[in-house]
$ cat start-v9.pdb   # PDB, C-alpha atoms, pLDDT in the B column
ATOM      1  CA  MET A   7       3.266  -0.521   6.579  1.00 96.00           C
ATOM      2  CA  THR A   8       6.722   0.215   7.933  1.00 95.00           C
ATOM      3  CA  MET A   9       8.400  -1.521   5.001  1.00 95.00           C
ATOM      4  CA  PHE A  10       5.988   0.092   2.568  1.00 97.00           C
ATOM      5  CA  ALA A  11       6.770   3.544   4.004  1.00 98.00           C
ATOM      6  CA  LEU A  12      10.491   2.858   3.626  1.00 97.00           C
ATOM      7  CA  TRP A  13       9.941   1.784   0.022  1.00 97.00           C
ATOM      8  CA  ASN A  14       7.938   4.941  -0.695  1.00 98.00           C
ATOM      9  CA  ALA A  15      10.690   7.087   0.826  1.00 98.00           C
ATOM     10  CA  GLU A  16      13.259   5.363  -1.393  1.00 98.00           C
ATOM     11  CA  TYR A  17      11.006   5.769  -4.425  1.00 98.00           C
ATOM     12  CA  LEU A  18      10.633   9.471  -3.628  1.00 98.00           C
ATOM     13  CA  ARG A  19      14.422   9.826  -3.636  1.00 98.00           C
ATOM     14  CA  MET A  20      14.582   8.084  -7.015  1.00 98.00           C
ATOM     15  CA  TYR A  21      11.855  10.395  -8.344  1.00 98.00           C
ATOM     16  CA  GLU A  22      13.700  13.448  -7.078  1.00 98.00           C
ATOM     17  CA  GLY A  23      16.810  12.160  -8.818  1.00 97.00           C
ATOM     18  CA  GLY A  24      14.933  11.912 -12.108  1.00 97.00           C
ATOM     19  CA  LEU A  25      14.939   8.108 -12.128  1.00 97.00           C
ATOM     20  CA  ARG A  26      11.205   7.498 -11.636  1.00 97.00           C
ATOM     21  CA  SER A  27       7.981   9.129 -12.776  1.00 97.00           C
ATOM     22  CA  LYS A  28       5.715  11.340 -10.718  1.00 97.00           C
ATOM     23  CA  ALA A  29       2.679   9.264 -11.738  1.00 97.00           C
ATOM     24  CA  SER A  30       4.217   6.075 -10.337  1.00 97.00           C
ATOM     25  CA  LEU A  31       5.175   7.854  -7.113  1.00 97.00           C
ATOM     26  CA  GLU A  32       1.606   9.054  -6.699  1.00 97.00           C
ATOM     27  CA  ARG A  33       0.288   5.536  -7.311  1.00 97.00           C
ATOM     28  CA  TYR A  34       2.562   4.079  -4.628  1.00 97.00           C
ATOM     29  CA  GLN A  35       1.444   6.779  -2.204  1.00 97.00           C
ATOM     30  CA  THR A  36      -2.210   6.059  -2.981  1.00 96.00           C
ATOM     31  CA  VAL A  37      -1.804   2.301  -2.560  1.00 96.00           C
ATOM     32  CA  TYR A  38      -0.038   2.934   0.762  1.00 97.00           C
ATOM     33  CA  LYS A  39      -3.114   4.820   2.002  1.00 96.00           C
ATOM     34  CA  HIS A  40      -5.457   2.087   0.766  1.00 97.00           C
ATOM     35  CA  VAL A  41      -3.429  -0.699   2.397  1.00 97.00           C
ATOM     36  CA  GLY A  42      -3.447   1.231   5.673  1.00 97.00           C
ATOM     37  CA  ALA A  43      -7.224   1.625   5.527  1.00 96.00           C
ATOM     38  CA  PHE A  44      -7.609  -2.054   4.645  1.00 97.00           C
ATOM     39  CA  LEU A  45      -5.450  -3.158   7.584  1.00 97.00           C
ATOM     40  CA  ARG A  46      -7.407  -0.988  10.000  1.00 97.00           C
ATOM     41  CA  GLN A  47     -10.789  -2.136   8.722  1.00 95.00           C
ATOM     42  CA  HIS A  48     -10.173  -5.803   7.946  1.00 96.00           C
ATOM     43  CA  TYR A  49      -7.551  -6.777  10.538  1.00 97.00           C
ATOM     44  CA  LYS A  50      -8.080  -4.034  13.160  1.00 98.00           C
ATOM     45  CA  VAL A  51      -4.341  -3.226  13.171  1.00 98.00           C
ATOM     46  CA  SER A  52      -2.210  -0.366  11.885  1.00 97.00           C
ATOM     47  CA  ASP A  53       0.682  -2.561  10.732  1.00 97.00           C
ATOM     48  CA  MET A  54       1.402  -6.223  10.116  1.00 96.00           C
ATOM     49  CA  ALA A  55       4.614  -8.229   9.924  1.00 95.00           C
ATOM     50  CA  LEU A  56       5.394  -9.435   6.428  1.00 93.00           C
ATOM     51  CA  LYS A  57       5.579 -13.020   7.680  1.00 95.00           C
ATOM     52  CA  GLU A  58       1.959 -12.738   8.870  1.00 95.00           C
ATOM     53  CA  ILE A  59       0.623 -11.916   5.413  1.00 95.00           C
ATOM     54  CA  GLU A  60      -1.145 -14.880   3.850  1.00 96.00           C
ATOM     55  CA  PRO A  61      -2.180 -15.377   0.219  1.00 95.00           C
ATOM     56  CA  SER A  62      -5.769 -14.466   1.119  1.00 96.00           C
ATOM     57  CA  PHE A  63      -4.521 -10.946   1.901  1.00 97.00           C
ATOM     58  CA  ILE A  64      -4.314 -10.234  -1.819  1.00 96.00           C
ATOM     59  CA  SER A  65      -7.803 -11.398  -2.685  1.00 97.00           C
ATOM     60  CA  ASP A  66      -9.273  -9.726   0.409  1.00 97.00           C
ATOM     61  CA  PHE A  67      -7.515  -6.482  -0.508  1.00 97.00           C
ATOM     62  CA  GLU A  68      -8.885  -6.712  -4.046  1.00 96.00           C
ATOM     63  CA  VAL A  69     -12.419  -7.104  -2.703  1.00 96.00           C
ATOM     64  CA  PHE A  70     -11.823  -4.159  -0.362  1.00 96.00           C
ATOM     65  CA  LEU A  71     -10.683  -1.968  -3.247  1.00 95.00           C
ATOM     66  CA  LYS A  72     -13.626  -2.919  -5.427  1.00 93.00           C
ATOM     67  CA  THR A  73     -16.300  -2.626  -2.745  1.00 93.00           C
ATOM     68  CA  GLU A  74     -15.077  -0.146  -0.155  1.00 89.00           C
ATOM     69  CA  ARG A  75     -12.760   2.174  -2.073  1.00 79.00           C
ATOM     70  CA  ASN A  76     -14.424   2.236  -5.496  1.00 67.00           C
ATOM     71  CA  PRO A  77     -18.009   0.953  -5.369  1.00 57.00           C
TER      72      PRO A  77
END
$ encode --input "start-v9.pdb" --output "structure tokens"
Amino acid sequence: MTMFALWNAEYLRMYEGGLRSKASLERYQTVYKHVGAFLRQHYKVSDMALKEIEPSFISDFEVFLKTERNP
């Protein structure tokens, strides 16, 4: 989440500079919230080191989005 927050801050600066769209910024901010909720629910943590993320993270996150966030 730390790296994601840094990315979103950088993206916000690019948006403010006219280099990126507002819609994309909002999507990144929304995904950030969903990933945070997923980490808390599925892994019982608020952050995770990038090296700890396994390929199953992606499929588990997809299931989370389809069942928990948008049933």
$ residues_around --input "start-v9.pdb" --residues "Phe67 (chain A)" --least-positions-apart "6" --cutoff "12 Å" --atoms "all atoms listed in the file" --output "PyMOL selection string"
chain A and resi 37+40-49+59-61+73-75
$ closest_atom_pairs --input "start-v9.pdb" --of "region 43-69 of chain A" --to "region 8-31 of chain A" --cutoff "12 Å" --atoms "only C-alpha atoms" --output "tab-separated table"
residue	atom	partner	partner_atom	distance
A:Ser52	CA	A:Thr8	CA	9.8
A:Asp53	CA	A:Thr8	CA	7.2
A:Met54	CA	A:Thr8	CA	8.6
A:Ala55	CA	A:Thr8	CA	8.9
A:Leu56	CA	A:Met9	CA	8.6
$ atom_distance --input "start-v9.pdb" --atom1 "CA of Met7 (chain A)" --atom2 "CA of Ile64 (chain A)"
14.9 Å
$ atom_distance --input "start-v9.pdb" --atom1 "CA of Val69 (chain A)" --atom2 "CA of Lys39 (chain A)"
15.8 Å
$ axis_aligned_box --input "start-v9.pdb" --around "region 46-56 of chain A" --padding-each-side "6 Å" --output "JSON"
{"center_x": -2.7, "center_y": -4.9, "center_z": 9.8, "size_x": 28.2, "size_y": 21.1, "size_z": 18.7}
